[in-house]
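So this one's protein16.pdb, PDB, C-alpha atoms:
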ATOM      1  CA  MET U 273    -116.698 -28.338 -46.871
ATOM      2  CA  ILE U 274    -119.312 -28.546 -49.636
ATOM      3  CA  ARG U 275    -120.840 -25.453 -51.185
ATOM      4  CA  LEU U 276    -123.654 -25.688 -53.749
ATOM      5  CA  TYR U 277    -124.241 -22.774 -56.113
ATOM      6  CA  ASP U 278    -127.966 -23.102 -56.556
ATOM      7  CA  TYR U 279    -131.139 -21.589 -57.962
ATOM      8  CA  TRP U 280    -134.195 -22.742 -56.054
ATOM      9  CA  ARG U 281    -136.283 -23.530 -59.141
ATOM     10  CA  SER U 282    -133.528 -25.083 -61.257
ATOM     11  CA  SER U 283    -134.343 -28.752 -61.758
ATOM     12  CA  ALA U 284    -130.646 -29.548 -62.242
ATOM     13  CA  ALA U 285    -129.822 -27.967 -58.879
ATOM     14  CA  TYR U 286    -132.865 -29.746 -57.384
ATOM     15  CA  ARG U 287    -131.287 -33.069 -58.452
ATOM     16  CA  VAL U 288    -128.076 -32.270 -56.610
ATOM     17  CA  ARG U 289    -129.917 -31.185 -53.466
ATOM     18  CA  ILE U 290    -131.735 -34.525 -53.441
ATOM     19  CA  ALA U 291    -128.488 -36.465 -53.907
ATOM     20  CA  LEU U 292    -126.739 -34.610 -51.099
ATOM     21  CA  ASN U 293    -129.746 -35.098 -48.824
ATOM     22  CA  LEU U 294    -129.947 -38.816 -49.573
ATOM     23  CA  LYS U 295    -126.318 -39.093 -48.493
ATOM     24  CA  GLY U 296    -127.013 -37.088 -45.345
ATOM     25  CA  ALA U 297    -124.318 -34.609 -46.363
ATOM     26  CA  ALA U 298    -123.887 -31.171 -44.836
ATOM     27  CA  TYR U 299    -123.609 -28.377 -47.388
ATOM     28  CA  ASP U 300    -124.004 -24.638 -47.762
ATOM     29  CA  LEU U 301    -126.248 -23.108 -50.409
ATOM     30  CA  VAL U 302    -125.053 -20.119 -52.408
ATOM     31  CA  PRO U 303    -128.106 -18.682 -54.199
ATOM     32  CA  ILE U 304    -127.550 -17.650 -57.825
ATOM     33  CA  ASN U 305    -130.610 -15.917 -59.265
ATOM     34  CA  ILE U 306    -130.874 -16.999 -62.908
ATOM     35  CA  LEU U 307    -134.243 -15.316 -63.429
ATOM     36  CA  GLY U 308    -134.330 -13.295 -66.642
ATOM     37  CA  GLY U 309    -133.495  -9.676 -65.923
ATOM     38  CA  VAL U 310    -131.411 -10.612 -62.887
ATOM     39  CA  ASP U 311    -129.059 -13.136 -64.520
ATOM     40  CA  GLN U 312    -126.520 -13.486 -61.735
ATOM     41  CA  GLN U 313    -125.106 -16.500 -63.569
ATOM     42  CA  LEU U 314    -123.891 -14.172 -66.334
ATOM     43  CA  THR U 315    -121.766 -11.964 -64.084
ATOM     44  CA  ASP U 316    -117.990 -11.986 -64.234
ATOM     45  CA  GLU U 317    -117.964 -13.098 -60.620
ATOM     46  CA  TYR U 318    -119.934 -16.252 -61.351
ATOM     47  CA  ARG U 319    -118.117 -16.869 -64.638
ATOM     48  CA  SER U 320    -114.971 -17.246 -62.541
ATOM     49  CA  VAL U 321    -116.758 -20.032 -60.640
ATOM     50  CA  ASN U 322    -118.301 -21.792 -63.651
ATOM     51  CA  PRO U 323    -117.219 -20.802 -67.194
ATOM     52  CA  GLN U 324    -120.440 -22.308 -68.566
ATOM     53  CA  MET U 325    -122.394 -19.799 -66.453
ATOM     54  CA  ARG U 326    -125.027 -22.307 -65.394
ATOM     55  CA  VAL U 327    -126.232 -23.800 -62.136
ATOM     56  CA  PRO U 328    -125.579 -25.925 -60.271
ATOM     57  CA  SER U 329    -121.906 -25.762 -59.412
ATOM     58  CA  LEU U 330    -120.376 -27.734 -56.589
ATOM     59  CA  GLU U 331    -117.413 -26.391 -54.646
ATOM     60  CA  VAL U 332    -115.458 -28.806 -52.461
ATOM     61  CA  ASP U 333    -112.431 -27.529 -50.566
ATOM     62  CA  GLY U 334    -111.906 -24.746 -53.100
ATOM     63  CA  ARG U 335    -112.352 -26.943 -56.175
ATOM     64  CA  VAL U 336    -115.389 -26.354 -58.375
ATOM     65  CA  ALA U 337    -117.238 -28.479 -60.940
ATOM     66  CA  GLY U 338    -120.509 -28.112 -62.830
ATOM     67  CA  GLN U 339    -122.997 -30.447 -64.548
ATOM     68  CA  SER U 340    -125.545 -32.035 -62.243
ATOM     69  CA  MET U 341    -125.256 -35.641 -63.413
ATOM     70  CA  ALA U 342    -121.477 -35.648 -63.088
ATOM     71  CA  ILE U 343    -121.809 -34.032 -59.660
ATOM     72  CA  ILE U 344    -124.291 -36.730 -58.579
ATOM     73  CA  GLU U 345    -121.888 -39.499 -59.562
ATOM     74  CA  TRP U 346    -119.112 -37.760 -57.617
ATOM     75  CA  ILE U 347    -121.417 -37.512 -54.612
ATOM     76  CA  ASP U 348    -122.075 -41.240 -54.852
ATOM     77  CA  GLU U 349    -118.402 -42.126 -55.185
ATOM     78  CA  ALA U 350    -116.977 -39.680 -52.646
ATOM     79  CA  LEU U 351    -119.497 -39.460 -49.811
ATOM     80  CA  GLU U 352    -120.618 -41.984 -47.237
ATOM     81  CA  GLY U 353    -124.235 -43.032 -47.218
ATOM     82  CA  PRO U 354    -126.723 -45.027 -49.284
ATOM     83  CA  ALA U 355    -125.636 -45.884 -52.837
ATOM     84  CA  LEU U 356    -127.232 -43.747 -55.544
ATOM     85  CA  LEU U 357    -126.475 -46.241 -58.331
ATOM     86  CA  PRO U 358    -127.187 -49.988 -58.273
ATOM     87  CA  LYS U 359    -124.290 -52.376 -57.720
ATOM     88  CA  ASP U 360    -125.199 -54.725 -60.572
ATOM     89  CA  PRO U 361    -123.608 -53.366 -63.793
ATOM     90  CA  TRP U 362    -126.643 -54.020 -66.007
ATOM     91  CA  THR U 363    -129.093 -52.517 -63.525
ATOM     92  CA  ARG U 364    -126.731 -49.563 -63.141
ATOM     93  CA  LEU U 365    -126.807 -49.106 -66.925
ATOM     94  CA  GLN U 366    -130.605 -49.151 -66.889
ATOM     95  CA  ALA U 367    -130.754 -46.590 -64.082
ATOM     96  CA  ARG U 368    -128.313 -44.282 -65.874
ATOM     97  CA  ALA U 369    -130.241 -44.658 -69.142
ATOM     98  CA  PHE U 370    -133.508 -43.753 -67.413
ATOM     99  CA  ALA U 371    -131.941 -40.685 -65.809
ATOM    100  CA  ASP U 372    -130.324 -39.617 -69.066
ATOM    101  CA  VAL U 373    -133.634 -39.600 -70.944
ATOM    102  CA  ILE U 374    -134.415 -36.678 -68.652
ATOM    103  CA  ALA U 375    -131.005 -35.059 -68.313
ATOM    104  CA  CYS U 376    -129.943 -35.418 -71.962
ATOM    105  CA  ASP U 377    -133.196 -35.416 -73.962
ATOM    106  CA  ILE U 378    -136.044 -33.687 -72.113
ATOM    107  CA  HIS U 379    -134.380 -31.082 -69.930
ATOM    108  CA  PRO U 380    -131.966 -29.477 -72.446
ATOM    109  CA  LEU U 381    -134.834 -28.641 -74.818
ATOM    110  CA  ASN U 382    -136.810 -27.048 -71.989
ATOM    111  CA  ASN U 383    -134.026 -25.161 -70.247
ATOM    112  CA  LEU U 384    -134.149 -21.372 -69.849
ATOM    113  CA  SER U 385    -131.700 -20.712 -72.677
ATOM    114  CA  PRO U 386    -133.646 -22.424 -75.505
ATOM    115  CA  LEU U 387    -136.926 -21.021 -74.204
ATOM    116  CA  ALA U 388    -135.458 -17.513 -74.244
ATOM    117  CA  TYR U 389    -134.152 -18.115 -77.765
ATOM    118  CA  LEU U 390    -137.599 -19.224 -78.948
ATOM    119  CA  ARG U 391    -139.076 -16.021 -77.556
ATOM    120  CA  LYS U 392    -136.409 -13.705 -78.948
ATOM    121  CA  GLU U 393    -135.650 -15.218 -82.346
ATOM    122  CA  PHE U 394    -138.992 -16.780 -83.285
ATOM    123  CA  GLY U 395    -141.465 -14.576 -81.427
ATOM    124  CA  ALA U 396    -142.936 -17.468 -79.447
ATOM    125  CA  ASP U 397    -145.566 -16.348 -76.945
ATOM    126  CA  GLU U 398    -146.175 -18.045 -73.608
ATOM    127  CA  ALA U 399    -148.819 -20.374 -75.044
ATOM    128  CA  ALA U 400    -146.366 -21.554 -77.685
ATOM    129  CA  ILE U 401    -143.648 -21.981 -75.066
ATOM    130  CA  ALA U 402    -146.007 -24.115 -72.963
ATOM    131  CA  ARG U 403    -146.829 -26.312 -75.987
ATOM    132  CA  TRP U 404    -143.111 -26.726 -76.761
ATOM    133  CA  TYR U 405    -142.366 -27.564 -73.144
ATOM    134  CA  GLY U 406    -145.167 -30.089 -72.911
ATOM    135  CA  GLU U 407    -144.295 -31.780 -76.190
ATOM    136  CA  TRP U 408    -140.830 -32.839 -75.073
ATOM    137  CA  ILE U 409    -141.987 -33.891 -71.632
ATOM    138  CA  VAL U 410    -144.734 -36.089 -73.060
ATOM    139  CA  ARG U 411    -142.432 -37.700 -75.620
ATOM    140  CA  GLY U 412    -139.848 -38.465 -72.974
ATOM    141  CA  PHE U 413    -142.354 -39.589 -70.351
ATOM    142  CA  LYS U 414    -143.914 -42.081 -72.796
ATOM    143  CA  ALA U 415    -140.557 -43.812 -73.040
ATOM    144  CA  LEU U 416    -139.911 -43.561 -69.302
ATOM    145  CA  GLU U 417    -143.316 -45.041 -68.481
ATOM    146  CA  GLU U 418    -142.434 -48.122 -70.539
ATOM    147  CA  MET U 419    -138.960 -48.304 -68.992
ATOM    148  CA  ALA U 420    -140.543 -48.158 -65.537
ATOM    149  CA  GLN U 421    -142.921 -51.078 -66.075
ATOM    150  CA  ALA U 422    -140.336 -53.652 -64.994
ATOM    151  CA  SER U 423    -140.477 -52.207 -61.470
ATOM    152  CA  GLU U 424    -144.279 -52.422 -61.191
ATOM    153  CA  GLY U 425    -145.323 -53.234 -57.640
ATOM    154  CA  ARG U 426    -142.265 -51.640 -56.034
ATOM    155  CA  ASP U 427    -141.926 -48.120 -54.683
ATOM    156  CA  PHE U 428    -138.716 -47.405 -56.589
ATOM    157  CA  LEU U 429    -137.354 -48.083 -60.046
ATOM    158  CA  PHE U 430    -134.090 -49.989 -59.812
ATOM    159  CA  GLY U 431    -133.815 -51.170 -56.228
ATOM    160  CA  ASP U 432    -135.249 -50.953 -52.756
ATOM    161  CA  ALA U 433    -134.363 -47.278 -52.298
ATOM    162  CA  PRO U 434    -134.370 -44.170 -54.496
ATOM    163  CA  GLY U 435    -131.289 -43.498 -56.593
ATOM    164  CA  ILE U 436    -130.134 -41.680 -59.681
ATOM    165  CA  ALA U 437    -133.308 -42.467 -61.654
ATOM    166  CA  GLU U 438    -135.592 -40.963 -59.013
ATOM    167  CA  ILE U 439    -133.171 -38.063 -58.474
ATOM    168  CA  ALA U 440    -133.685 -37.131 -62.139
ATOM    169  CA  LEU U 441    -137.394 -37.972 -62.318
ATOM    170  CA  ILE U 442    -138.876 -36.072 -59.398
ATOM    171  CA  PRO U 443    -137.612 -32.604 -60.481
ATOM    172  CA  GLN U 444    -138.886 -33.259 -64.002
ATOM    173  CA  MET U 445    -142.285 -34.223 -62.628
ATOM    174  CA  ALA U 446    -142.295 -30.914 -60.755
ATOM    175  CA  ASN U 447    -141.487 -29.113 -64.002
ATOM    176  CA  ALA U 448    -144.339 -30.913 -65.754
ATOM    177  CA  ARG U 449    -146.794 -29.806 -63.079
ATOM    178  CA  ARG U 450    -145.496 -26.258 -63.198
ATOM    179  CA  PHE U 451    -146.252 -26.122 -66.931
ATOM    180  CA  LYS U 452    -149.605 -27.901 -66.437
ATOM    181  CA  VAL U 453    -148.674 -30.978 -68.476
ATOM    182  CA  ALA U 454    -151.297 -33.718 -68.078
ATOM    183  CA  LEU U 455    -149.741 -36.727 -66.349
ATOM    184  CA  ASP U 456    -152.646 -39.205 -66.170
ATOM    185  CA  ALA U 457    -151.098 -41.309 -68.938
ATOM    186  CA  PHE U 458    -148.071 -42.056 -66.755
ATOM    187  CA  PRO U 459    -149.377 -43.966 -63.716
ATOM    188  CA  ARG U 460    -146.094 -45.727 -62.959
ATOM    189  CA  LEU U 461    -144.168 -42.433 -62.962
ATOM    190  CA  LEU U 462    -146.824 -40.883 -60.747
ATOM    191  CA  ALA U 463    -146.539 -43.770 -58.277
ATOM    192  CA  VAL U 464    -142.753 -43.438 -58.024
ATOM    193  CA  ASP U 465    -143.077 -39.674 -57.699
ATOM    194  CA  ALA U 466    -145.571 -40.062 -54.843
ATOM    195  CA  ALA U 467    -143.318 -42.537 -53.028
ATOM    196  CA  CYS U 468    -140.333 -40.224 -53.267
ATOM    197  CA  ARG U 469    -142.034 -36.959 -52.439
ATOM    198  CA  GLY U 470    -142.991 -38.343 -49.042
ATOM    199  CA  LEU U 471    -139.341 -38.916 -48.095
ATOM    200  CA  GLU U 472    -137.467 -36.280 -46.096
ATOM    201  CA  PRO U 473    -134.484 -35.910 -48.507
ATOM    202  CA  PHE U 474    -136.912 -35.074 -51.312
ATOM    203  CA  VAL U 475    -139.092 -32.831 -49.145
ATOM    204  CA  LEU U 476    -136.079 -30.810 -47.988
ATOM    205  CA  ALA U 477    -134.832 -30.476 -51.572
ATOM    206  CA  ALA U 478    -138.151 -29.343 -53.049
ATOM    207  CA  PRO U 479    -138.105 -25.888 -54.665
ATOM    208  CA  GLU U 480    -140.904 -24.537 -52.505
ATOM    209  CA  ASN U 481    -138.917 -25.399 -49.391
ATOM    210  CA  GLN U 482    -135.793 -23.467 -50.352
ATOM    211  CA  PRO U 483    -135.045 -20.208 -48.474
ATOM    212  CA  ALA U 484    -134.801 -18.225 -51.714
ATOM    213  CA  ALA U 485    -138.324 -19.298 -52.685
ATOM    214  CA  LYS U 486    -139.862 -17.570 -49.686
ATOM    215  CA  PRO U 487    -140.248 -13.810 -49.392
ATOM    216  CA  ALA U 488    -138.155 -12.218 -46.663
TER     217      ALA U 488
END
Could you render the structure from this file as structure tokens?
Amino acid sequence: MIRLYDYWRSSAAYRVRIALNLKGAAYDLVPINILGGVDQQLTDEYRSVNPQMRVPSLEVDGRVAGQSMAIIEWIDEALEGPALLPKDPWTRLQARAFADVIACDIHPLNNLSPLAYLRKEFGADEAAIARWYGEWIVRGFKALEEMAQASEGRDFLFGDAPGIAEIALIPQMANARRFKVALDAFPRLLAVDAACRGLEPFVLAAPENQPAAKPA
């Protein structure tokens, strides 16, 4: 039994939903509302699940682990279904490197915690937050656009099917649109995003299609 502790708009949780869907895995969602002022992730109850008090967390047969990229690699290693990482070691390195530009460089600077700190400690208003957010996306996407050029003419980045690179990219593209970051300078990323967003595993994982996103 797989249980995913999830916030519908979390891009890290979005990654894990995509990975599970690509594998065709059955799983239960446990909504954790991390919205400021609700902060269910900060409760003692959730701390007992994940000491880092972040989403996502994955529970499998009573065992729990956090960190989306580690969870995705476990999903690939433990579950039947299409491979999420390429077989060739060098191509696998490239796919991981692409995904980590997002997971290690872009996303941490734009996560809720640093944005809240900018507001509280430095008095940043929403316009300043949007500029901060966009700056790190654009810097990262410039590198990713170059990294993606080798796959020009194909739907996906490192093979004939989506994998870890697309699992990281599509949620970050959604974040960029949410913060109204101009994406015209990244045609290769846009093409990959369009190819993926038409696939059922990505559609089902999209934030707007999660039960918690829709009013009761």
As a check of understanding: the span from CA of Ala463 in chain U to CA of Phe370 in chain U is 15.9 Å
Between CA of Tyr299 in chain U and CA of Ala446 in chain U, what distance in Å does the model show, to one decimal?
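About the pair CA of Tyr299 in chain U and CA of Ala446 in chain U: they are 23.1 Å apart.
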Using all atoms listed in the file, which residues sit within 7 Å of range 479-481 of chain U once same-chain residues fewer than 4 positions away are excluded, as JSON, numbers by chain?
{"U": [280, 281, 485]}
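CA of Gln366 in chain U to CA of Arg326 in chain U spans 27.5 Å [interatomic distance, one decimal].
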On this structure, which residues satisfy the PyMOL selection byres ((chain U and resi 372) around 12), written as a count of residues only?
28
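Comparing U:Lys392, U:Leu357, U:Leu381, U:Arg469 by their smallest distance to Asp432 in chain U, the closest is U:Leu357 (using all atoms listed in the file).
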Got a sec to resolve the PyMOL selection byres ((chain U and resi 465) around 9) on this structure and send the residues as a VMD selection string?
chain U and resid 428 438 441 to 442 445 460 to 464 466 to 470
Write out as a list of chain:residue names each polymer residue whose atoms come within 7 Å of range 394-407 of chain U, counting all atoms listed in the file; drop sequence neighbours fewer than 6 positions from it.
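The contact residues come out as U:Asn382, U:Leu387, U:Phe451, U:Val453.
This file gives the following result for the PyMOL selection byres ((chain U and resi 296) around 10): Ile290, Ala291, Leu292, Asn293, Leu294, Lys295, Ala297, Ala298, Tyr299, Leu351, Glu352, Gly353, Pro354 and Pro473 of chain U.
Among the candidate residues U:Tyr389, U:Asn383, U:Thr363, U:Leu476, the one lying nearest to Ala422 in chain U is U:Thr363, with distances computed using only C-alpha atoms.
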From U:Pro303, U:Pro361, U:Pro459, U:Pro443, residue lying nearest Ala478 in chain U [all atoms listed in the file]:
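So, comparing all the options, the nearest one is U:Pro443.
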Kindly compute an axis-aligned box around the listed atoms of range 465-473 of chain U, allowing 8 Å on each side, and express its centre and edge lengths in Å to one decimal as JSON.
{"center_x": -140.0, "center_y": -39.2, "center_z": -51.9, "size_x": 27.1, "size_y": 22.6, "size_z": 27.6}
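Omitting Tyr277 in chain U and its sequence neighbours fewer than 6 positions away, and counting only C-alpha atoms, the residues within 8 Å are U:Leu301, U:Val302, U:Pro303, U:Ile304, U:Val327, U:Pro328, U:Ser329, U:Leu330, U:Glu331.
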